[in-house]
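To be precise, the following lines are my_file_24.txt, and they hold compact mmCIF, C-alpha atoms.
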```
# COMPACT_ATOMS: atom_id res chain seq x y z
CA MET V 751 0.00 0.00 0.00
CA MET V 752 1.33 3.44 -0.81
CA TYR V 753 -0.75 4.95 1.93
CA ARG V 754 0.24 4.23 5.48
CA TYR V 755 -0.06 5.71 8.94
CA VAL V 756 3.04 6.03 11.04
CA ARG V 757 2.07 6.73 14.63
CA THR V 758 4.59 8.35 16.93
CA THR V 759 4.05 8.81 20.60
CA LEU V 760 6.38 10.40 23.12
CA ASN V 761 7.86 7.85 25.51
CA VAL V 762 6.72 9.96 28.41
CA ILE V 763 3.71 12.23 27.91
CA SER V 764 3.43 14.84 30.60
CA VAL V 765 0.48 17.00 31.41
CA THR V 766 0.74 20.31 33.19
CA ALA V 767 -1.44 23.36 33.23
CA ASN V 768 0.23 24.52 30.02
CA LEU V 769 1.23 21.28 28.30
CA HIS V 770 -1.13 18.95 26.48
CA PRO V 771 -0.37 15.55 24.95
CA CYS V 772 0.29 15.69 21.22
CA PHE V 773 0.16 12.88 18.66
CA ALA V 774 1.57 12.92 15.14
CA TYR V 775 0.16 10.92 12.24
CA VAL V 776 2.27 10.69 9.11
CA ASN V 777 1.17 9.47 5.70
CA ALA V 778 2.68 9.33 2.25
CA TYR V 779 1.13 12.67 1.36
CA GLY V 780 2.29 14.72 4.33
CA THR V 781 2.12 15.07 8.06
CA ARG V 782 -0.75 16.13 10.28
CA THR V 783 -0.35 16.74 13.98
CA TYR V 784 -3.32 16.52 16.29
CA THR V 785 -3.62 17.65 19.86
CA SER V 786 -6.03 16.13 22.34
CA ILE V 787 -8.76 18.28 23.83
CA PRO V 788 -8.42 17.87 27.58
CA ALA V 789 -10.55 19.60 30.16
CA THR V 790 -8.95 22.41 32.13
CA ARG V 791 -6.43 20.99 34.60
CA LYS V 792 -5.60 22.88 37.77
CA ASP V 793 -2.78 20.68 39.03
CA THR V 794 0.75 21.49 37.94
CA THR V 795 2.31 18.14 38.74
CA THR V 796 3.62 16.03 35.89
CA THR V 797 1.47 12.95 35.32
CA ARG V 798 2.00 9.90 33.14
CA LEU V 799 -1.05 9.38 30.90
CA SER V 800 -2.42 5.89 30.60
CA LEU V 801 -3.36 5.03 27.02
CA SER V 802 -4.58 1.52 27.74
CA SER V 803 -7.98 0.58 26.36
CA SER V 804 -9.19 -0.36 29.83
CA ALA V 805 -8.52 3.13 31.19
CA PHE V 806 -11.76 4.44 29.78
CA GLY V 807 -13.89 1.31 29.69
CA THR V 808 -16.21 2.46 32.43
CA THR V 809 -15.60 5.70 34.25
CA THR V 810 -17.42 8.50 35.93
CA GLY V 811 -16.62 12.17 36.25
CA THR V 812 -15.05 12.48 32.82
CA THR V 813 -16.25 13.76 29.45
CA TRP V 814 -15.39 12.75 25.92
CA GLN V 815 -12.87 15.62 25.86
CA ASP V 816 -10.82 14.05 28.64
CA VAL V 817 -10.01 10.97 26.57
CA PRO V 818 -6.64 11.23 24.78
CA LEU V 819 -6.94 11.56 21.04
CA GLU V 820 -4.59 8.63 20.70
CA GLU V 821 -7.28 6.45 22.24
CA TYR V 822 -9.84 7.60 19.69
CA HIS V 823 -7.48 6.83 16.82
CA ALA V 824 -6.90 3.34 18.20
CA MET V 825 -10.66 2.74 18.38
CA LEU V 826 -11.12 4.12 14.86
CA ALA V 827 -8.56 1.62 13.58
CA THR V 828 -10.53 -1.17 15.28
CA ALA V 829 -13.78 0.10 13.76
CA GLU V 830 -12.21 0.18 10.31
CA THR V 831 -11.04 -3.42 10.67
CA ALA V 832 -14.50 -4.47 11.82
CA VAL V 833 -16.43 -2.86 8.97
CA ARG V 834 -14.05 -4.22 6.35
CA GLU V 835 -14.52 -7.74 7.68
CA ALA V 836 -18.30 -7.31 7.53
CA GLY V 837 -17.93 -5.84 4.05
CA LYS V 838 -16.42 -9.11 2.85
CA ILE V 839 -19.63 -10.90 3.83
CA ILE V 840 -21.69 -8.35 1.89
CA LEU V 841 -19.55 -8.70 -1.22
CA SER V 842 -19.68 -12.49 -1.12
CA ASN V 843 -23.44 -12.70 -0.73
CA LEU V 844 -24.96 -9.75 -2.59
CA GLY V 845 -28.28 -10.79 -4.08
CA CYS V 846 -28.52 -13.77 -1.75
CA THR V 847 -32.31 -14.10 -2.08
CA SER V 848 -32.54 -13.50 -5.82
CA ASN V 849 -29.43 -15.19 -7.21
CA ALA V 850 -30.63 -17.81 -9.68
CA ASP V 851 -27.31 -19.65 -9.42
CA ALA V 852 -27.80 -20.27 -5.71
CA GLY V 853 -30.52 -22.88 -6.26
CA ASP V 854 -31.40 -24.70 -3.05
CA ASN V 855 -28.68 -22.74 -1.24
CA ALA V 856 -30.45 -19.43 -1.76
CA ALA V 857 -30.87 -17.53 1.49
CA GLU V 858 -34.25 -16.45 2.72
CA CYS V 859 -35.29 -13.11 4.10
CA GLU V 860 -36.84 -13.29 7.52
CA ILE V 861 -39.65 -10.76 7.89
CA LYS V 862 -39.24 -8.70 11.05
CA THR V 863 -42.18 -6.28 11.31
CA SER V 864 -43.36 -6.14 7.69
CA ILE V 865 -42.29 -7.18 4.21
CA LYS V 866 -40.32 -3.91 4.07
CA ASP V 867 -38.35 -4.76 7.22
CA VAL V 868 -36.29 -7.91 6.69
CA VAL V 869 -33.16 -9.66 7.90
CA THR V 870 -30.96 -12.40 6.44
CA LYS V 871 -28.56 -14.84 8.02
CA TYR V 872 -25.75 -12.69 6.67
CA ASP V 873 -26.82 -9.73 8.81
CA LYS V 874 -26.23 -11.90 11.85
CA GLN V 875 -22.95 -13.28 10.50
CA ALA V 876 -21.69 -9.77 9.78
CA GLN V 877 -22.63 -8.58 13.25
CA ASP V 878 -20.85 -11.53 14.84
CA VAL V 879 -17.69 -10.67 12.91
CA ILE V 880 -17.88 -7.03 13.98
CA LYS V 881 -18.51 -7.89 17.62
CA ASN V 882 -15.59 -10.32 17.63
CA VAL V 883 -13.20 -7.62 16.38
CA ILE V 884 -14.46 -5.11 18.94
CA GLN V 885 -14.50 -7.50 21.89
CA THR V 886 -11.00 -8.73 21.10
CA ALA V 887 -9.65 -5.19 21.29
CA TYR V 888 -12.00 -3.79 23.94
CA PRO V 889 -13.57 -6.57 26.01
CA GLU V 890 -14.77 -4.09 28.63
CA HIS V 891 -16.77 -1.92 26.20
CA ARG V 892 -20.51 -2.28 25.71
CA ILE V 893 -22.01 -3.15 22.29
CA LEU V 894 -25.49 -2.35 21.03
CA GLY V 895 -26.11 -4.31 17.83
CA GLU V 896 -29.23 -4.20 15.70
CA GLU V 897 -29.46 -7.98 15.48
CA ASP V 898 -29.49 -8.31 19.27
CA VAL V 899 -32.63 -6.18 19.60
CA ASP V 900 -36.22 -7.27 19.07
CA PRO V 901 -37.79 -6.08 15.78
CA GLY V 902 -39.70 -2.84 15.56
CA ALA V 903 -39.25 0.87 16.15
CA ALA V 904 -40.44 0.79 19.74
CA ALA V 905 -37.97 -1.95 20.62
CA SER V 906 -35.02 -0.13 19.07
CA GLU V 907 -36.02 3.08 20.83
CA GLU V 908 -36.26 1.30 24.18
CA ALA V 909 -32.99 -0.58 23.65
CA LEU V 910 -31.12 2.68 23.12
CA SER V 911 -32.66 4.31 26.19
CA VAL V 912 -31.74 1.36 28.39
CA ALA V 913 -28.22 1.20 26.94
CA LEU V 914 -27.57 4.92 27.43
CA GLU V 915 -28.84 4.81 30.99
CA ALA V 916 -26.43 1.98 31.79
CA ASN V 917 -23.50 3.38 29.81
CA ASP V 918 -20.83 5.14 31.86
CA GLY V 919 -17.99 4.65 29.41
CA PHE V 920 -17.67 3.50 25.82
CA MET V 921 -20.44 1.81 23.86
CA TRP V 922 -20.27 0.63 20.25
CA ILE V 923 -23.45 0.84 18.15
CA VAL V 924 -23.54 -1.50 15.17
CA ASP V 925 -25.62 -1.95 12.03
CA PRO V 926 -23.92 -4.87 10.24
CA ILE V 927 -25.78 -4.43 6.95
CA ASP V 928 -27.62 -1.18 6.41
CA GLY V 929 -29.94 -1.57 3.44
CA THR V 930 -30.68 -5.27 3.87
CA ALA V 931 -33.51 -5.23 1.34
CA ASN V 932 -31.15 -3.76 -1.26
CA PHE V 933 -28.43 -6.24 -0.32
CA SER V 934 -30.64 -9.31 -0.50
CA SER V 935 -32.08 -8.36 -3.89
CA GLY V 936 -28.68 -7.64 -5.44
CA LEU V 937 -28.60 -3.83 -5.34
CA ALA V 938 -25.16 -2.52 -4.43
CA LEU V 939 -26.73 0.14 -2.22
CA CYS V 940 -25.86 -1.11 1.23
CA GLY V 941 -23.13 -0.62 3.76
CA VAL V 942 -21.79 -1.21 7.25
CA ILE V 943 -22.15 1.25 10.12
CA VAL V 944 -20.21 1.37 13.37
CA SER V 945 -20.38 4.18 15.90
CA VAL V 946 -18.60 4.66 19.20
CA VAL V 947 -20.42 6.55 21.94
CA TYR V 948 -18.79 7.93 25.06
CA LYS V 949 -21.56 8.12 27.66
CA ASP V 950 -24.15 9.94 25.50
CA GLN V 951 -21.90 11.52 22.85
CA THR V 952 -21.01 9.97 19.51
CA VAL V 953 -17.24 10.29 19.31
CA ILE V 954 -16.46 8.04 16.33
CA GLY V 955 -18.52 7.31 13.24
CA VAL V 956 -17.70 4.91 10.41
CA CYS V 957 -19.76 4.11 7.31
CA TYR V 958 -18.30 1.64 4.84
CA ASP V 959 -19.38 1.07 1.24
CA PRO V 960 -17.77 -2.27 0.35
CA HIS V 961 -18.83 -2.10 -3.29
CA ALA V 962 -16.93 1.13 -3.94
CA ASP V 963 -14.39 0.31 -1.20
CA GLU V 964 -14.96 3.74 0.32
CA LEU V 965 -14.57 4.10 4.06
CA PHE V 966 -16.07 7.24 5.58
CA SER V 967 -14.99 8.14 9.10
CA ALA V 968 -14.96 10.90 11.68
CA ILE V 969 -13.65 11.51 15.16
CA LYS V 970 -15.53 14.18 17.07
CA GLY V 971 -13.79 17.51 16.70
CA GLN V 972 -11.30 16.24 14.07
CA GLY V 973 -13.15 16.52 10.75
CA ALA V 974 -14.58 13.89 8.42
CA PHE V 975 -12.57 11.82 5.94
CA VAL V 976 -13.03 9.28 3.18
CA LYS V 977 -10.46 6.56 2.50
CA GLN V 978 -10.49 5.19 -1.04
CA GLN V 979 -8.66 2.38 -2.77
CA HIS V 980 -7.16 2.94 -6.23
CA GLY V 981 -5.28 -0.19 -7.23
CA ASP V 982 -2.35 -0.45 -4.82
CA THR V 983 -2.77 3.12 -3.64
CA GLU V 984 -4.97 4.19 -0.76
CA THR V 985 -5.91 7.83 -0.38
CA LEU V 986 -7.36 9.74 2.53
CA MET V 987 -9.26 12.94 1.79
CA GLN V 988 -11.02 15.34 4.11
CA MET V 989 -14.70 15.77 3.30
CA TYR V 990 -16.90 18.84 3.22
CA VAL V 991 -20.60 19.23 2.55
CA GLN V 992 -21.74 21.12 -0.54
CA GLN V 993 -20.53 24.70 -0.19
CA ASN V 994 -22.23 26.31 -3.18
CA ILE V 995 -25.78 24.99 -2.90
CA ASP V 996 -27.71 27.51 -0.84
CA ASP V 997 -31.12 27.28 -2.50
CA ILE V 998 -33.51 24.36 -2.33
CA SER V 999 -34.09 24.63 -6.08
CA ASP V 1000 -30.52 23.45 -6.71
CA SER V 1001 -30.72 20.57 -4.23
CA ILE V 1002 -30.76 16.82 -4.65
CA ILE V 1003 -32.67 15.45 -1.64
CA ASN V 1004 -33.06 11.88 -0.45
CA ALA V 1005 -36.34 10.84 1.15
CA GLY V 1006 -36.79 8.16 3.76
CA CYS V 1007 -38.60 4.93 2.98
CA PRO V 1008 -39.84 3.83 6.42
CA ALA V 1009 -41.49 0.49 7.09
CA ASP V 1010 -44.30 1.95 9.16
CA PRO V 1011 -47.24 2.74 6.82
CA ASN V 1012 -48.09 5.97 8.63
CA ALA V 1013 -44.49 7.11 8.47
CA PHE V 1014 -44.35 6.18 4.79
CA GLU V 1015 -47.47 8.23 4.08
CA THR V 1016 -45.90 11.19 5.89
CA SER V 1017 -42.70 10.77 3.88
CA MET V 1018 -44.70 10.78 0.65
CA ARG V 1019 -46.35 14.06 1.65
CA GLY V 1020 -42.90 15.47 2.12
CA MET V 1021 -41.76 14.17 -1.25
CA LEU V 1022 -44.76 15.67 -3.02
CA ALA V 1023 -44.08 19.03 -1.42
CA LEU V 1024 -40.40 18.96 -2.26
CA ASN V 1025 -40.86 17.66 -5.79
CA SER V 1026 -41.76 21.10 -7.13
CA LYS V 1027 -39.08 22.84 -5.06
CA ALA V 1028 -35.95 20.68 -5.40
CA ARG V 1029 -33.91 19.77 -8.46
CA GLY V 1030 -34.27 16.09 -7.74
CA LEU V 1031 -35.51 13.55 -5.23
CA ARG V 1032 -34.05 10.15 -4.50
CA VAL V 1033 -35.09 7.18 -2.34
CA ILE V 1034 -31.87 5.21 -1.77
CA ALA V 1035 -33.03 3.27 1.33
CA CYS V 1036 -29.55 3.15 2.83
CA THR V 1037 -28.76 5.73 5.49
CA ALA V 1038 -25.11 4.69 5.60
CA LEU V 1039 -24.62 5.86 2.03
CA THR V 1040 -26.89 8.90 1.98
CA THR V 1041 -25.39 10.45 5.10
CA ALA V 1042 -21.86 9.74 3.87
CA TRP V 1043 -22.67 11.27 0.51
CA ILE V 1044 -23.98 14.43 2.16
CA ALA V 1045 -20.75 14.68 4.15
CA ARG V 1046 -18.74 14.22 0.94
CA GLY V 1047 -20.74 16.86 -0.93
CA SER V 1048 -22.48 14.51 -3.39
CA LEU V 1049 -25.98 14.95 -1.97
CA THR V 1050 -27.63 18.00 -0.43
CA ALA V 1051 -30.07 16.68 2.14
CA HIS V 1052 -31.86 13.64 3.52
CA PHE V 1053 -35.00 13.46 5.63
CA GLY V 1054 -36.33 10.37 7.34
CA TYR V 1055 -38.68 8.97 9.98
CA ASP V 1056 -38.29 6.62 12.94
CA ILE V 1057 -34.62 5.99 12.21
CA ALA V 1058 -32.79 3.85 14.75
CA SER V 1059 -29.57 4.99 16.41
CA TRP V 1060 -27.51 2.31 14.66
CA ASP V 1061 -28.60 3.74 11.31
CA LEU V 1062 -27.98 7.40 12.09
CA ALA V 1063 -25.34 8.01 14.77
CA ALA V 1064 -22.28 7.57 12.54
CA GLY V 1065 -23.68 9.53 9.61
CA ALA V 1066 -24.79 12.35 11.86
CA LEU V 1067 -21.23 12.76 13.13
CA LEU V 1068 -19.84 12.58 9.58
CA ILE V 1069 -22.13 15.40 8.47
CA GLN V 1070 -21.46 17.57 11.50
CA GLU V 1071 -17.70 17.14 11.13
CA ALA V 1072 -17.95 17.95 7.41
CA GLY V 1073 -19.67 21.26 8.16
CA GLY V 1074 -23.28 20.20 7.72
CA LYS V 1075 -26.30 20.21 9.98
CA ILE V 1076 -28.70 17.68 11.46
CA THR V 1077 -31.83 18.33 13.50
CA ASP V 1078 -35.11 16.76 14.41
CA LEU V 1079 -37.80 17.48 11.83
CA ASP V 1080 -39.37 19.82 14.38
CA GLY V 1081 -36.16 21.85 14.29
CA SER V 1082 -34.88 20.82 17.71
CA PRO V 1083 -31.20 19.82 18.11
CA TYR V 1084 -30.10 16.33 17.17
CA THR V 1085 -29.34 13.82 19.92
CA LEU V 1086 -28.74 10.08 19.86
CA LYS V 1087 -32.43 9.63 20.60
CA THR V 1088 -33.57 11.65 17.56
CA ARG V 1089 -35.60 9.47 15.19
CA ASN V 1090 -37.33 11.90 12.78
CA MET V 1091 -34.52 13.86 11.22
CA LEU V 1092 -33.26 16.16 8.52
CA CYS V 1093 -29.57 16.29 7.70
CA SER V 1094 -28.16 18.64 5.09
CA ASN V 1095 -25.32 20.85 3.99
CA GLY V 1096 -26.77 23.42 6.38
CA LEU V 1097 -27.35 26.09 3.75
CA VAL V 1098 -30.73 24.73 2.63
CA HIS V 1099 -31.72 23.25 5.97
CA ASP V 1100 -34.34 25.80 6.98
CA GLN V 1101 -35.87 25.83 3.50
CA VAL V 1102 -36.39 22.05 3.58
CA LEU V 1103 -37.76 22.16 7.12
CA GLU V 1104 -40.26 24.83 6.10
CA ALA V 1105 -41.42 22.83 3.09
CA LEU V 1106 -41.94 19.76 5.27
CA ARG V 1107 -43.83 21.77 7.89
CA GLU V 1108 -46.14 23.24 5.25
CA ALA V 1109 -46.83 19.71 3.97
CA ASP V 1110 -47.61 18.36 7.46
CA ALA V 1111 -44.66 16.01 7.06
CA VAL V 1112 -42.88 16.59 10.35
CA GLU V 1113 -44.36 13.91 12.59
CA PHE V 1114 -46.60 10.85 12.51
CA GLU V 1115 -48.25 8.36 14.81
CA ARG V 1116 -46.91 4.82 14.66
CA ALA V 1117 -49.28 2.24 13.26
CA SER V 1118 -50.55 -0.20 15.87
```
For the file at hand, write its structure as structure tokens.
Amino acid sequence: MMYRYVRTTLNVISVTANLHPCFAYVNAYGTRTYTSIPATRKDTTTTRLSLSSSAFGTTTGTTWQDVPLEEYHAMLATAETAVREAGKIILSNLGCTSNADAGDNAAECEIKTSIKDVVTKYDKQAQDVIKNVIQTAYPEHRILGEEDVDPGAAASEEALSVALEANDGFMWIVDPIDGTANFSSGLALCGVIVSVVYKDQTVIGVCYDPHADELFSAIKGQGAFVKQQHGDTETLMQMYVQQNIDDISDSIINAGCPADPNAFETSMRGMLALNSKARGLRVIACTALTTAWIARGSLTAHFGYDIASWDLAAGALLIQEAGGKITDLDGSPYTLKTRNMLCSNGLVHDQVLEALREADAVEFERAS
């Protein structure tokens, strides 16, 4: 590989009131130096920093800013390994329910809550692979995986609430195959999502498109990047949302395709309202890709309903770190518990929100 990270760490890292730990990352295209973002320290004694993974497994009295940046980079490397391993399963089994060559070995989709909400055995295999990578590196960290939660929006909402209440350190949130319906039918519009949450803050987000071999990642406060493979060369580029699209009429907007019939009807009202206002509408049905594309500047906005945390947390961080914006559809700030959302380049955000409000496409009542 032409691209490589060389990580250098001082043998002894000291922290005083005026000295912060610094970590250098070197690649074939230049050097970037990052500095951690510690909380204000009043003591002036020199202290050896512990960079072991167990140091921040479960802890109280600290914030995400107290964790050394080196630790975040180590976790990002683990997340990248995990999503690439899951990506191999996707590539090997794309079209698993529609492949005529599979014959009696063809996989079946298991219906979760409706024919629009399905799972395959490969979702579970991919999640097992991801969990194995994470638990090998960080056995003390919590994991919230989609395939470990009962089907349905209410169950995913409750699972997150319970997990956040219990979480006093790091928790990994995993969607092993985002866009399962696309994956099972042979559409290369699916990906892998892994997020790392410190207490209640998403600090790492990774979305991986195995078909294009594009790995989108962000560490909170450090920008968003895409890693691409070109033959034997790997490149890493910082991402930014669209900078020149400031009018809804120039926007390409993705609409959600929720399983709940009431949510779907609400989404269609939004699409009808936006159809005459935006340059184009898309329904990709893969949040991993649409959020990553907004962060990269390929797509302007995406709105959706009843989206689970494992679908949205990573992409939300990507977009924020790339200079974009994400809110609830009612305009309130995004949190991990947000389920009805609009994410965008920020410049058209209020225009899209207003169009959705006028169309009564901001909220819905779940079908019984």
Produce a table with one row for each residue of segment 1022-1085 of chain V that has an atom at most 8 Å from any atom of segment 947-963 of chain V, each row naming the nearest atom pair and its distance in Å at one decimal; use all atoms listed in the file; arrange rows by chain and rising residue number; format as JSON lines.
```
{"residue": "V:Ala1038", "atom": "CA", "partner": "V:Cys957", "partner_atom": "CA", "distance": 5.6}
{"residue": "V:Leu1039", "atom": "CA", "partner": "V:Asp959", "partner_atom": "CA", "distance": 7.1}
{"residue": "V:Ala1042", "atom": "CA", "partner": "V:Cys957", "partner_atom": "CA", "distance": 6.9}
{"residue": "V:Ala1063", "atom": "CA", "partner": "V:Thr952", "partner_atom": "CA", "distance": 6.7}
{"residue": "V:Ala1064", "atom": "CA", "partner": "V:Gly955", "partner_atom": "CA", "distance": 3.8}
{"residue": "V:Gly1065", "atom": "CA", "partner": "V:Gly955", "partner_atom": "CA", "distance": 6.7}
{"residue": "V:Leu1067", "atom": "CA", "partner": "V:Gly955", "partner_atom": "CA", "distance": 6.1}
{"residue": "V:Leu1068", "atom": "CA", "partner": "V:Gly955", "partner_atom": "CA", "distance": 6.6}
```
Which is closer to Lys970 of chain V than all the others in V:Glu1071, V:Asp900, V:Asp867, V:Asp816, using all atoms listed in the file?
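Of V:Glu1071, V:Asp900, V:Asp867, V:Asp816, the one nearest Lys970 of chain V is V:Glu1071, counting all atoms listed in the file.
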Point-to-point distance from atom CA of Asn843 of chain V to atom CA of Cys1036 of chain V, Å rounded to tenths
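About the pair atom CA of Asn843 of chain V and atom CA of Cys1036 of chain V: they are 17.4 Å apart.
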For the point (-23.8, -8.3, -6.5) in the file's frame, write as a list in words all residues with an atom no more than 10 Å away, counting only C-alpha atoms.
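These residues have at least one counted atom within 10 Å: Ile840, Leu841, Ser842, Asn843, Leu844, Gly845, Cys846, Asn849, Phe933, Ser934, Ser935, Gly936, Leu937, Ala938, Leu939 and His961 of chain V.
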Counting all atoms listed in the file, what is within 7 Å of Ser999 of chain V, bar same-chain residues fewer than 4 positions away, as a PyMOL selection string?
chain V and resi 1027-1029
To one decimal place, how far is atom CA of Lys862 of chain V from atom CA of Gly902 of chain V in Å?
7.4 Å
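Here atom CA of Ile1002 of chain V and atom CA of Ala1111 of chain V stand 18.2 Å from one another.
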Using all atoms listed in the file, pick whichever of V:Leu986, V:Ala832, V:Val912, V:Ile1076 has the shortest atom-to-atom distance to Gly1096 of chain V.
V:Ile1076
